[in-house]
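**Q** Below is the file upload_13.txt, which contains compact mmCIF, C-alpha atoms.
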```txt
# COMPACT_ATOMS: atom_id res chain seq x y z
CA MET A 119 138.84 -8.55 60.89
CA PHE A 120 135.06 -8.50 60.79
CA ASP A 121 132.94 -5.66 59.56
CA LEU A 122 131.07 -3.86 62.34
CA ASP A 123 128.44 -2.81 59.81
CA VAL A 124 127.09 -6.33 60.16
CA LEU A 125 126.30 -5.70 63.81
CA ARG A 126 124.93 -2.18 63.88
CA PRO A 127 124.40 0.94 61.79
CA PRO A 128 127.46 3.02 60.99
CA GLU A 129 128.02 5.50 63.81
CA ASN A 130 128.97 8.39 61.59
CA VAL A 131 125.76 8.43 59.54
CA ALA A 132 122.25 9.73 60.22
CA GLY A 133 119.94 7.24 58.59
CA ALA A 134 117.08 8.19 56.29
CA VAL A 135 113.75 7.52 58.00
CA VAL A 136 110.85 6.10 55.98
CA PRO A 137 107.52 5.95 57.86
CA LEU A 138 105.63 2.70 57.26
CA GLY A 139 102.95 1.91 59.82
CA LEU A 140 102.56 -1.67 58.56
CA ASP A 141 100.13 -3.88 60.44
CA VAL A 142 102.01 -7.16 60.90
CA GLY A 143 99.57 -8.97 63.17
CA THR A 144 96.55 -8.03 65.26
CA ASN A 145 94.05 -9.92 67.35
CA ASP A 146 91.77 -8.98 70.23
CA GLU A 147 94.66 -8.69 72.70
CA VAL A 148 97.74 -7.72 70.65
CA ALA A 149 98.46 -5.27 67.84
CA MET A 150 101.86 -5.31 66.12
CA ALA A 151 103.31 -2.91 63.55
CA ILE A 152 106.51 -2.22 61.67
CA THR A 153 106.50 1.52 62.26
CA HIS A 154 109.35 2.71 60.06
CA LEU A 155 112.61 1.99 58.27
CA THR A 156 115.91 3.76 58.88
CA VAL A 157 118.09 3.35 55.82
CA TYR A 158 121.90 3.55 55.65
CA PRO A 159 124.34 2.99 52.79
CA VAL A 160 125.22 -0.49 54.10
CA GLY A 161 121.94 -1.79 55.49
CA PHE A 162 118.70 -0.78 57.11
CA GLY A 163 117.00 -0.72 60.46
CA PHE A 164 113.33 -1.11 61.19
CA GLY A 165 111.19 -0.09 64.11
CA PHE A 166 108.69 -2.43 65.64
CA THR A 167 105.98 -1.89 68.24
CA ALA A 168 103.68 -4.40 69.92
CA LEU A 169 100.74 -3.13 71.94
CA THR A 170 98.93 -5.35 74.41
CA LYS A 171 95.69 -4.82 76.28
CA GLU A 172 96.97 -6.73 79.29
CA ASP A 173 100.40 -7.63 80.64
CA PRO A 174 102.22 -10.19 78.45
CA GLY A 175 101.89 -12.84 81.15
CA VAL A 176 98.12 -12.57 80.88
CA VAL A 177 98.05 -12.38 77.09
CA CYS A 178 100.22 -15.49 76.74
CA ALA A 179 98.74 -17.50 79.59
CA GLU A 180 96.38 -19.62 77.51
CA GLU A 181 98.89 -20.73 74.85
CA LEU A 182 101.56 -21.42 77.47
CA ALA A 183 99.13 -23.52 79.48
CA VAL A 184 98.31 -25.61 76.39
CA ALA A 185 102.02 -26.14 75.70
CA ARG A 186 102.66 -27.05 79.32
CA GLU A 187 99.85 -29.59 79.32
CA ALA A 188 101.14 -31.15 76.11
CA GLU A 189 104.71 -31.08 77.50
CA GLU A 190 105.82 -29.10 74.46
CA ASP A 191 108.89 -26.91 74.44
CA PRO A 192 107.57 -23.33 74.72
CA VAL A 193 110.54 -21.98 72.75
CA GLY A 194 108.41 -22.28 69.62
CA LEU A 195 105.96 -19.82 71.13
CA GLN A 196 108.49 -17.01 71.47
CA PHE A 197 108.09 -13.73 69.73
CA ARG A 198 110.03 -13.75 66.42
CA LEU A 199 111.06 -11.17 63.88
CA GLY A 200 112.37 -12.23 60.50
CA VAL A 201 113.43 -10.74 57.18
CA GLU A 202 113.55 -12.39 53.75
CA PHE A 203 115.17 -10.96 50.63
CA ALA A 204 113.94 -11.55 47.09
CA ASP A 205 116.83 -13.93 46.40
CA GLY A 206 115.83 -16.22 49.25
CA ARG A 207 118.20 -15.07 51.96
CA ARG A 208 116.42 -15.18 55.31
CA ALA A 209 117.29 -14.29 58.87
CA ASP A 210 115.29 -14.13 62.04
CA SER A 211 115.73 -13.06 65.61
CA LEU A 212 116.44 -16.60 66.83
CA ALA A 213 118.86 -17.54 64.03
CA GLN A 214 120.80 -14.31 63.73
CA TRP A 215 122.29 -14.89 60.32
CA ILE A 216 121.88 -17.32 57.48
CA SER A 217 123.81 -17.85 54.27
CA ILE A 218 122.22 -19.05 51.07
CA ASN A 219 125.48 -20.79 50.21
CA GLY A 220 125.60 -23.08 53.18
CA PRO A 221 124.41 -23.82 56.65
CA ALA A 222 126.16 -20.93 58.34
CA MET A 223 124.56 -21.62 61.68
CA ALA A 224 126.30 -24.97 61.73
CA ASP A 225 129.58 -23.09 61.99
CA ARG A 226 129.35 -21.12 65.20
CA MET A 227 132.54 -19.22 64.40
CA HIS A 228 131.24 -18.00 61.09
CA PHE A 229 130.75 -14.27 60.81
CA PRO A 230 128.93 -12.90 57.78
CA SER A 231 131.14 -11.00 55.39
CA ASP A 232 129.70 -11.49 51.92
CA PRO A 233 126.95 -8.95 51.19
CA VAL A 234 125.99 -10.83 48.03
CA THR A 235 125.20 -14.20 49.59
CA GLU A 236 124.73 -13.59 53.29
CA ILE A 237 122.31 -11.73 55.53
CA SER A 238 122.31 -10.75 59.18
CA LEU A 239 119.50 -9.56 61.42
CA ARG A 240 120.32 -8.18 64.85
CA ALA A 241 117.12 -7.75 66.80
CA ARG A 242 116.85 -5.28 69.65
CA GLY A 243 114.05 -4.35 71.96
CA ALA A 244 112.89 -2.53 75.03
CA GLY A 245 109.99 -3.28 77.28
CA PRO A 246 107.32 -4.37 77.70
CA TYR A 247 106.54 -1.11 79.42
CA GLU A 248 103.00 -0.11 80.20
CA HIS A 249 101.55 -2.53 77.64
CA ARG A 250 104.00 -1.44 74.96
CA TYR A 251 107.00 -3.29 73.56
CA SER A 252 109.25 -1.23 71.31
CA GLY A 253 112.08 -2.74 69.36
CA GLY A 254 113.25 -3.45 65.90
CA GLY A 255 116.23 -4.75 64.06
CA TRP A 256 119.32 -4.01 62.04
CA VAL A 257 119.54 -5.81 58.70
CA TRP A 258 122.78 -6.17 56.81
CA PRO A 259 123.31 -5.76 53.87
CA LEU A 260 120.87 -3.74 51.74
CA PRO A 261 118.31 -5.98 50.03
CA PRO A 262 118.34 -6.76 46.32
CA GLU A 263 115.53 -5.41 44.18
CA GLY A 264 112.22 -7.19 44.44
CA PRO A 265 109.96 -8.13 47.31
CA LEU A 266 111.22 -7.63 50.85
CA THR A 267 109.36 -9.72 53.38
CA PHE A 268 109.03 -9.21 57.12
CA TRP A 269 108.07 -12.31 59.07
CA VAL A 270 106.55 -11.44 62.42
CA GLY A 271 104.86 -13.72 64.89
CA TRP A 272 104.10 -14.09 68.55
CA PRO A 273 102.62 -17.58 68.84
CA ALA A 274 102.27 -17.38 72.60
CA ALA A 275 99.90 -14.47 72.09
CA GLY A 276 97.93 -16.31 69.41
CA LEU A 277 99.69 -14.75 66.43
CA PRO A 278 101.66 -17.29 64.35
CA PRO A 279 104.41 -15.90 62.08
CA ARG A 280 103.03 -14.36 58.93
CA PRO A 281 104.65 -12.56 55.99
CA THR A 282 104.19 -8.89 55.20
CA VAL A 283 105.72 -7.82 51.91
CA ILE A 284 106.98 -4.43 50.75
CA ASP A 285 108.96 -3.47 47.67
CA ALA A 286 112.71 -3.33 48.36
CA ALA A 287 112.68 -0.08 46.41
CA THR A 288 111.22 1.48 49.56
CA VAL A 289 114.61 0.85 51.15
CA LEU A 290 116.87 1.34 48.16
CA ASP A 291 115.30 4.65 47.10
CA ALA A 292 116.04 6.12 50.54
CA VAL A 293 119.77 5.32 50.64
CA GLY A 294 120.71 8.64 49.09
CA ALA A 295 118.94 10.54 51.86
CA ALA A 296 121.21 9.14 54.59
CA THR A 297 123.70 11.81 55.61
CA ALA A 298 127.20 11.63 57.01
CA LEU A 299 127.63 13.35 60.38
CA TRP A 300 131.25 14.11 59.60
CA SER A 301 133.12 14.23 56.36
CA GLU A 302 136.13 11.99 56.15
CA GLY A 303 139.53 13.33 57.05
CA MET B 155 96.19 2.06 83.21
CA SER B 156 97.62 2.67 86.66
CA SER B 157 100.96 4.33 87.27
CA GLY B 158 101.78 1.54 89.71
CA ASP B 159 100.69 3.25 92.88
CA GLY B 160 96.97 3.21 92.23
CA ARG B 161 96.91 6.56 90.51
CA VAL B 162 95.76 6.89 86.92
CA ARG B 163 98.78 6.94 84.62
CA PRO B 164 99.32 10.57 83.64
CA ASP B 165 99.64 11.55 80.00
CA TRP B 166 103.09 13.09 80.48
CA ARG B 167 104.64 9.73 81.39
CA GLY B 168 104.84 8.41 77.83
CA PRO B 169 102.97 7.39 74.69
CA PRO B 170 99.24 6.90 75.19
CA GLU B 171 98.24 3.32 75.74
CA GLY B 172 96.87 1.56 72.65
CA TRP B 173 98.36 3.98 70.12
CA PHE B 174 100.97 3.60 67.42
CA GLY B 175 102.82 6.85 66.84
CA GLY B 176 103.17 8.48 63.45
CA VAL B 177 106.91 8.41 62.71
CA LEU B 178 108.49 11.51 61.18
CA PRO B 179 110.73 11.14 58.10
CA THR B 180 113.60 13.06 59.63
CA THR B 181 116.64 12.62 61.86
CA PRO B 182 117.41 16.11 63.16
CA LEU B 183 121.03 16.97 63.76
CA VAL B 184 120.76 19.04 66.93
CA ALA B 185 124.39 19.93 67.44
CA ARG B 186 127.73 18.89 66.02
CA ASN B 187 131.38 19.80 66.03
CA PRO B 188 134.45 17.87 64.86
CA ARG B 189 134.49 15.86 68.09
CA GLY B 190 130.91 14.75 68.53
CA ALA B 191 127.24 15.12 67.70
CA ILE B 192 123.77 15.13 69.19
CA THR B 193 120.94 13.76 67.06
CA VAL B 194 117.29 12.91 67.61
CA GLU B 195 115.99 9.70 66.06
CA ASP B 196 112.83 7.66 65.71
CA ILE B 197 110.49 10.57 66.36
CA ALA B 198 106.89 9.42 66.77
CA VAL B 199 103.91 11.75 67.12
CA TYR B 200 100.98 10.86 69.38
CA PRO B 201 97.85 12.85 70.24
CA THR B 202 99.40 13.64 73.62
CA GLY B 203 103.03 14.33 72.72
CA LEU B 204 106.22 13.29 70.96
CA GLY B 205 108.41 10.26 71.61
CA PHE B 206 111.98 10.02 70.35
CA ASP B 207 115.48 8.70 70.98
CA LEU B 208 118.30 11.06 71.84
CA ARG B 209 121.71 9.95 70.57
CA VAL B 210 124.92 11.57 71.77
CA ILE B 211 128.17 10.24 70.34
CA LEU B 212 131.80 11.02 70.08
CA ARG B 213 133.03 11.08 66.54
CA PRO B 214 134.17 7.56 65.75
CA PRO B 215 137.74 7.06 64.66
CA PRO B 216 138.34 6.75 60.93
CA ALA B 217 137.66 3.28 59.62
CA PRO B 218 140.95 1.50 60.10
CA SER B 219 142.62 0.07 57.09
CA ARG B 220 143.06 -3.62 57.64
CA PRO B 221 146.51 -3.98 59.16
CA GLU B 222 149.08 -6.45 58.04
CA PRO B 223 150.10 -8.67 60.95
CA ARG B 224 153.36 -7.77 62.60
CA LYS B 225 153.71 -4.49 60.82
CA PRO B 226 157.27 -3.48 61.71
CA SER B 227 156.97 0.29 62.18
CA PRO B 228 153.48 1.57 62.95
CA PRO B 229 152.96 5.29 62.59
CA ALA B 230 153.20 7.33 65.76
CA ASP B 231 149.45 7.85 65.95
CA GLU B 232 148.65 4.16 65.79
CA GLN B 233 149.01 1.44 68.34
CA PHE B 234 149.09 -2.30 67.80
CA LEU B 235 148.26 -4.78 70.47
CA ASP B 236 150.05 -7.73 68.99
CA GLY B 237 148.87 -11.24 69.45
CA PRO B 238 149.09 -14.15 67.11
CA PRO B 239 148.94 -12.86 63.54
CA SER B 240 145.35 -13.91 63.07
CA VAL B 241 144.13 -11.95 66.09
CA SER B 242 146.10 -8.71 65.89
CA VAL B 243 144.03 -5.87 67.28
CA TYR B 244 144.24 -2.45 65.76
CA VAL B 245 143.47 0.67 67.74
CA ALA B 246 143.38 4.02 65.98
CA ALA B 247 144.07 7.22 67.88
CA ARG B 248 141.13 9.62 68.29
CA PRO B 249 141.28 12.48 65.80
CA THR B 250 141.77 15.30 68.21
CA PRO B 251 144.05 18.31 68.03
CA ASP B 252 144.53 18.23 71.80
CA GLU B 253 146.83 15.39 72.79
CA ASP B 254 145.96 15.76 76.47
CA TRP B 255 142.27 15.41 75.83
CA GLU B 256 140.60 12.21 76.98
CA PRO B 257 137.05 11.01 76.50
CA PRO B 258 134.76 12.19 79.30
CA VAL B 259 134.08 9.45 81.79
CA ASN B 260 130.35 10.00 82.04
CA ILE B 261 128.82 11.99 79.27
CA ALA B 262 125.31 11.14 80.40
CA GLU B 263 125.59 13.72 83.15
CA ARG B 264 127.37 16.28 81.04
CA ALA B 265 125.70 16.46 77.64
CA ARG B 266 122.59 18.65 77.84
CA PHE B 267 119.47 18.41 75.79
CA GLY B 268 116.15 20.20 75.78
CA VAL B 269 113.04 21.31 73.94
CA GLU B 270 111.41 24.68 73.44
CA PHE B 271 107.88 25.42 72.28
CA GLU B 272 106.96 28.41 70.16
CA ASP B 273 105.42 30.13 73.19
CA GLY B 274 108.75 29.99 75.00
CA ARG B 275 108.18 27.00 77.28
CA ARG B 276 111.46 25.13 77.76
CA ALA B 277 112.41 21.90 79.47
CA TRP B 278 115.76 20.19 79.43
CA SER B 279 117.52 17.17 80.75
CA ASP B 280 118.62 18.92 83.95
CA ASP B 281 115.20 20.42 84.59
CA PRO B 282 112.59 18.26 82.85
CA VAL B 283 109.50 20.28 83.81
CA GLY B 284 109.30 23.74 82.29
CA GLY B 285 106.89 26.49 83.25
CA PRO B 286 105.23 27.67 86.45
CA GLY B 287 103.50 25.64 89.13
CA GLY B 288 106.28 23.81 90.91
CA PHE B 289 105.35 20.32 89.72
CA THR B 290 108.31 17.93 89.73
CA ILE B 291 108.70 14.38 88.48
CA ARG B 292 110.56 13.43 91.64
CA GLU B 293 107.66 14.51 93.84
CA PHE B 294 105.25 12.60 91.62
CA GLN B 295 107.39 9.50 92.05
CA GLU B 296 107.31 10.04 95.81
CA GLY B 297 103.53 9.93 95.68
CA LYS B 298 102.88 13.59 96.26
CA PRO B 299 99.79 15.14 94.65
CA GLY B 300 100.01 17.54 91.76
CA ALA B 301 100.06 17.59 88.01
CA PRO B 302 101.55 19.74 85.28
CA ASP B 303 99.25 22.08 83.36
CA PRO B 304 99.24 21.47 79.58
CA GLU B 305 98.51 25.15 78.99
CA VAL B 306 101.69 26.41 80.63
CA ASN B 307 104.02 23.49 81.35
CA VAL B 308 106.15 21.20 79.23
CA VAL B 309 107.54 17.88 80.46
CA LEU B 310 110.58 16.12 79.00
CA ASN B 311 110.27 12.69 80.56
CA CYS B 312 113.07 10.15 80.21
CA SER B 313 112.01 6.51 80.23
CA GLY B 314 115.43 4.90 80.04
CA GLY B 315 118.45 4.39 77.87
CA SER B 316 122.07 3.42 77.98
CA SER B 317 125.39 5.19 78.06
CA GLY B 318 129.13 4.74 78.09
CA PRO B 319 132.21 6.94 77.93
CA GLU B 320 131.64 7.67 74.26
CA PHE B 321 127.89 7.52 73.70
CA MET B 322 124.52 8.04 75.26
CA HIS B 323 121.06 6.91 74.19
CA ARG B 324 117.95 8.13 75.96
CA ARG B 325 114.27 7.59 75.22
CA TYR B 326 112.22 10.72 75.81
CA PHE B 327 108.60 11.75 75.71
CA VAL B 328 107.63 15.41 75.36
CA TRP B 329 104.25 16.41 76.74
CA PRO B 330 101.96 17.98 75.65
CA LEU B 331 101.93 17.85 71.87
CA PRO B 332 103.23 21.27 70.86
CA VAL B 333 100.98 23.68 69.05
CA GLY B 334 103.29 24.85 66.30
CA ALA B 335 106.97 24.12 65.86
CA ILE B 336 109.30 22.71 68.48
CA LYS B 337 112.99 23.49 68.86
CA LEU B 338 115.40 20.78 69.98
CA PHE B 339 118.58 22.10 71.53
CA GLY B 340 121.69 20.51 72.92
CA SER B 341 125.22 21.17 74.08
CA TRP B 342 128.18 19.17 75.28
CA PRO B 343 130.75 21.30 77.08
CA ASP B 344 133.22 18.43 77.53
CA ILE B 345 134.00 18.47 73.84
CA GLY B 346 133.55 22.19 73.32
CA LEU B 347 130.15 21.82 71.70
CA GLU B 348 128.19 24.98 72.42
CA GLU B 349 124.40 25.01 72.36
CA GLU B 350 122.95 24.48 68.90
CA SER B 351 119.45 23.58 67.82
CA ALA B 352 117.22 22.04 65.18
CA GLU B 353 113.54 22.65 64.57
CA LEU B 354 110.60 20.40 63.81
CA ASP B 355 108.08 22.53 61.99
CA ALA B 356 104.38 22.44 62.67
CA ARG B 357 103.49 20.91 59.32
CA LEU B 358 105.84 17.98 59.85
CA ILE B 359 104.37 17.30 63.27
CA ALA B 360 100.82 17.55 61.92
CA ASP B 361 101.64 15.04 59.19
CA GLY B 362 103.00 12.66 61.82
CA LEU B 363 99.90 13.05 63.93
CA ALA B 364 97.77 12.18 60.91
CA ARG B 365 99.66 8.86 60.68
CA ALA B 366 99.23 8.00 64.37
CA ARG B 367 96.57 5.36 64.87
CA ARG B 368 94.97 3.20 67.47
CA GLY B 369 96.02 -0.43 67.66
CA TRP B 370 92.43 -1.52 67.81
CA VAL B 371 89.42 0.24 66.32
```
Is it possible to give me this structure as structure tokens?
**A**
Amino acid sequence: MFDLDVLRPPENVAGAVVPLGLDVGTNDEVAMAITHLTVYPVGFGFGFTALTKEDPGVVCAEELAVAREAEEDPVGLQFRLGVEFADGRRADSLAQWISINGPAMADRMHFPSDPVTEISLRARGAGPYEHRYSGGGWVWPLPPEGPLTFWVGWPAAGLPPRPTVIDAATVLDAVGAATALWSEG
Amino acid sequence: MSSGDGRVRPDWRGPPEGWFGGVLPTTPLVARNPRGAITVEDIAVYPTGLGFDLRVILRPPPAPSRPEPRKPSPPADEQFLDGPPSVSVYVAARPTPDEDWEPPVNIAERARFGVEFEDGRRAWSDDPVGGPGGFTIREFQEGKPGAPDPEVNVVLNCSGGSSGPEFMHRRYFVWPLPVGAIKLFGSWPDIGLEEESAELDARLIADGLARARRGWV
């Protein structure tokens, strides 16, 4: 039996919200931010917003045209969200989970279960709607102490992935503020 | 920005273009009983209003203990759908005192949610424009002229979501930005949840507004 906590926040808990407002990539046409964290006893979510001045098809037109002319696979230009723990565990929105003990993605049937060696990121999103894309992700498990890195990039819009680092204590210190909606029993 | 029909996009439709909201460090519990709960999450403050997610859920069943395959005599309140030992599926009964009770088939139409300003303006999911004037979102969508008045109206505009028999998520935008506190209220008659409320105080909202910022200077 797999643990549903890997896939989504526990249903019976109200997460503790930590406002962030981190700029994770801005150019003349696009502005991206990690807006906040929502922390649970087993993992954390984060909110993400991308603002565009024009519709995404217009913003990405130039980079996509270059790729088309060079006959390159445009998959590398997709928007990507990633998370990296201090111990080296990494996950991103294209490779949903990665183990530091082996090539988990090589085993399609593998489901993360070890919170010490594995990591999972489930990205979600809505939009774009009126020049706004709102989304985020659910990260399992909680990070170890040390730097916590968000990798965010939208190459098609001229923003290659770049790291933005916060202290994992920002997450860990908020765990105690998550509240159960119902007591057990 | 156009609303799609050539008209200028009105402020009550959603977050202002080009702005990041200032997120509030709170997840208000609007209403709860032993069967379910209504919470408001991801609240972001903009100069023109508040955006947030409404979450309505039935209380999840207790975390099942991992069953042994082919357990010979399951308790009366448990059910096993037996397959090969490695794929046994465990289903726990809902913790309800009423054995005849079943989950509502469409809670999206039955759970109610709303907002109330300090001056008494109210809007709720069944009637998303509060105050005088007769403006309606439906008539706006039909292309009819008219606009709500920020001095006397409040709009609770839903921009989408998802739902199922046991949950509902909705994204809302409240316009205009309240002067003072705002009360969030909700009820869910199907599970016996009477109207309860939570409040966002004026200071909290002001702090969120101070964190809102433009995407580009």
**Q** Which chain B residues are at most 8 Å from chain A (counting only C-alpha atoms), as a list in words?
**A**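 So the contacting residues turn out to be Met155, Glu171, Gly172, Trp173, Phe174, Gly175, Gly176, Val177, Leu178, Pro179, Thr180, Thr181, Arg186, Pro188, Ala191, Asp196, Arg213, Pro214, Pro216, Arg220, Arg365, Gly369 and Trp370 of chain B.
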**Q** Can you tell me which residues surround B:Arg357 at a distance of at most 12 Å, considering all atoms listed in the file, apart from same-chain residues fewer than 3 positions away, and format the answer as a VMD selection string?
**A** chain B and resid 178 332 to 336 353 to 354 360 to 364
**Q** Let me see the file: selected residues, C-alpha atoms, as a short mmCIF file (atom, residue, chain, number, x, y, z; two decimals), keeping the file's coordinate frame.
**A**
```
data_model
loop_
_atom_site.label_atom_id
_atom_site.label_comp_id
_atom_site.auth_asym_id
_atom_site.auth_seq_id
_atom_site.Cartn_x
_atom_site.Cartn_y
_atom_site.Cartn_z
CA LEU B 178 108.49 11.51 61.18
CA PRO B 332 103.23 21.27 70.86
CA VAL B 333 100.98 23.68 69.05
CA GLY B 334 103.29 24.85 66.30
CA ALA B 335 106.97 24.12 65.86
CA ILE B 336 109.30 22.71 68.48
CA GLU B 353 113.54 22.65 64.57
CA LEU B 354 110.60 20.40 63.81
CA ALA B 360 100.82 17.55 61.92
CA ASP B 361 101.64 15.04 59.19
CA GLY B 362 103.00 12.66 61.82
CA LEU B 363 99.90 13.05 63.93
CA ALA B 364 97.77 12.18 60.91
#
```
**Q** What's around B:Arg209 at 9 Å? Count only C-alpha atoms, leave out sequence neighbours fewer than 3 positions away in its own chain, and write the answer as a PyMOL selection string.
**A** chain B and resi 191-195+321-324
**Q** Would you list the contacts of B:Trp342 as a list in words, taking every protein, DNA or RNA residue within 8 Å and counting only C-alpha atoms, but skipping same-chain residues closer than 4 positions in sequence?
**A** Arg264, Ala265, Arg266, Gly346, Leu347, Glu348 and Glu349 of chain B
**Q** Write the selection just made, keeping C-alpha atoms, as a PDB file, in the coordinates of the input?
**A**
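Here's the written file result_12.pdb:
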```pdb
ATOM      1  CA  ARG B 264     127.370  16.280  81.040  1.00  0.00           C
ATOM      2  CA  ALA B 265     125.700  16.460  77.640  1.00  0.00           C
ATOM      3  CA  ARG B 266     122.590  18.650  77.840  1.00  0.00           C
ATOM      4  CA  GLY B 346     133.550  22.190  73.320  1.00  0.00           C
ATOM      5  CA  LEU B 347     130.150  21.820  71.700  1.00  0.00           C
ATOM      6  CA  GLU B 348     128.190  24.980  72.420  1.00  0.00           C
ATOM      7  CA  GLU B 349     124.400  25.010  72.360  1.00  0.00           C
TER       8      GLU B 349
END
```
**Q** Would you pick out the contacts of B:Gly284 at 9 Å or less, using only C-alpha atoms, so that residues sharing its chain but fewer than 5 positions from it are not included, and give the list as an MDAnalysis selection string?
**A** chainID B and resid 275:278 306:310
**Q** May I ask for the distance between atom CA of A:Gly163 and atom CA of B:Ile197, given in Å to one decimal place?
**A**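 Computing it gives 14.3 Å between the two atoms.
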**Q** Report, in Å with one decimal, the straight-line distance from atom CA of B:Trp329 to atom CA of B:Trp166.
**A** 5.1 Å
**Q** Give me, please, the distance in Å between atom CA of B:Val328 and atom CA of B:Asn311, quoted to one decimal.
**A** 6.4 Å
**Q** If you count only C-alpha atoms, which residues fall within 8 Å of B:Ala301, apart from same-chain ones fewer than 2 positions away, as number ranges by chain?
**A** B: 289, 299, 303
**Q** Closest to B:Tyr200 among B:Pro182, B:Pro170, B:Gly274, B:Gly314, using all atoms listed in the file?
**A**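 Of the candidates, the smallest distance to B:Tyr200 is held by B:Pro170.
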**Q** Using the structure just given, write a file holding N, CA, C and O atoms for stretch 149-163 of chain A, as a compact mmCIF listing (two decimals), in the first residue's frame.
**A**
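The resulting decode-v9.txt:
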```
# COMPACT_ATOMS: atom_id res chain seq x y z
N ALA A 149 6.89 37.82 -15.37
CA ALA A 149 7.35 37.95 -13.98
C ALA A 149 6.84 36.73 -13.22
O ALA A 149 5.65 36.43 -13.26
N MET A 150 7.74 36.03 -12.54
CA MET A 150 7.38 34.80 -11.84
C MET A 150 7.74 34.90 -10.36
O MET A 150 8.81 35.43 -10.02
N ALA A 151 6.88 34.37 -9.50
CA ALA A 151 7.14 34.43 -8.06
C ALA A 151 6.64 33.17 -7.36
O ALA A 151 5.62 32.60 -7.74
N ILE A 152 7.40 32.72 -6.38
CA ILE A 152 6.89 31.77 -5.39
C ILE A 152 6.20 32.62 -4.34
O ILE A 152 6.86 33.40 -3.63
N THR A 153 4.89 32.53 -4.25
CA THR A 153 4.15 33.47 -3.42
C THR A 153 4.09 33.08 -1.95
O THR A 153 4.06 33.94 -1.07
N HIS A 154 4.07 31.76 -1.69
CA HIS A 154 3.93 31.33 -0.29
C HIS A 154 4.20 29.84 -0.16
O HIS A 154 4.24 29.12 -1.16
N LEU A 155 4.39 29.42 1.08
CA LEU A 155 4.47 28.00 1.42
C LEU A 155 3.24 27.64 2.24
O LEU A 155 2.69 28.48 2.95
N THR A 156 2.81 26.39 2.14
CA THR A 156 1.78 25.87 3.03
C THR A 156 2.34 24.58 3.63
O THR A 156 2.56 23.60 2.91
N VAL A 157 2.59 24.62 4.92
CA VAL A 157 3.39 23.56 5.56
C VAL A 157 2.50 22.60 6.35
O VAL A 157 1.59 23.03 7.08
N TYR A 158 2.76 21.32 6.18
CA TYR A 158 2.04 20.24 6.86
C TYR A 158 3.06 19.37 7.61
O TYR A 158 4.26 19.44 7.33
N PRO A 159 2.58 18.50 8.47
CA PRO A 159 3.52 17.66 9.21
C PRO A 159 4.30 16.67 8.35
O PRO A 159 5.33 16.15 8.78
N VAL A 160 3.83 16.40 7.13
CA VAL A 160 4.48 15.39 6.29
C VAL A 160 5.11 15.95 5.03
O VAL A 160 5.73 15.20 4.26
N GLY A 161 4.95 17.24 4.78
CA GLY A 161 5.48 17.82 3.55
C GLY A 161 5.05 19.27 3.46
O GLY A 161 4.52 19.84 4.42
N PHE A 162 5.27 19.86 2.29
CA PHE A 162 4.86 21.26 2.15
C PHE A 162 4.42 21.55 0.73
O PHE A 162 4.88 20.92 -0.24
N GLY A 163 3.51 22.50 0.63
CA GLY A 163 3.10 22.99 -0.67
C GLY A 163 3.69 24.36 -0.90
O GLY A 163 4.13 25.03 0.03
```
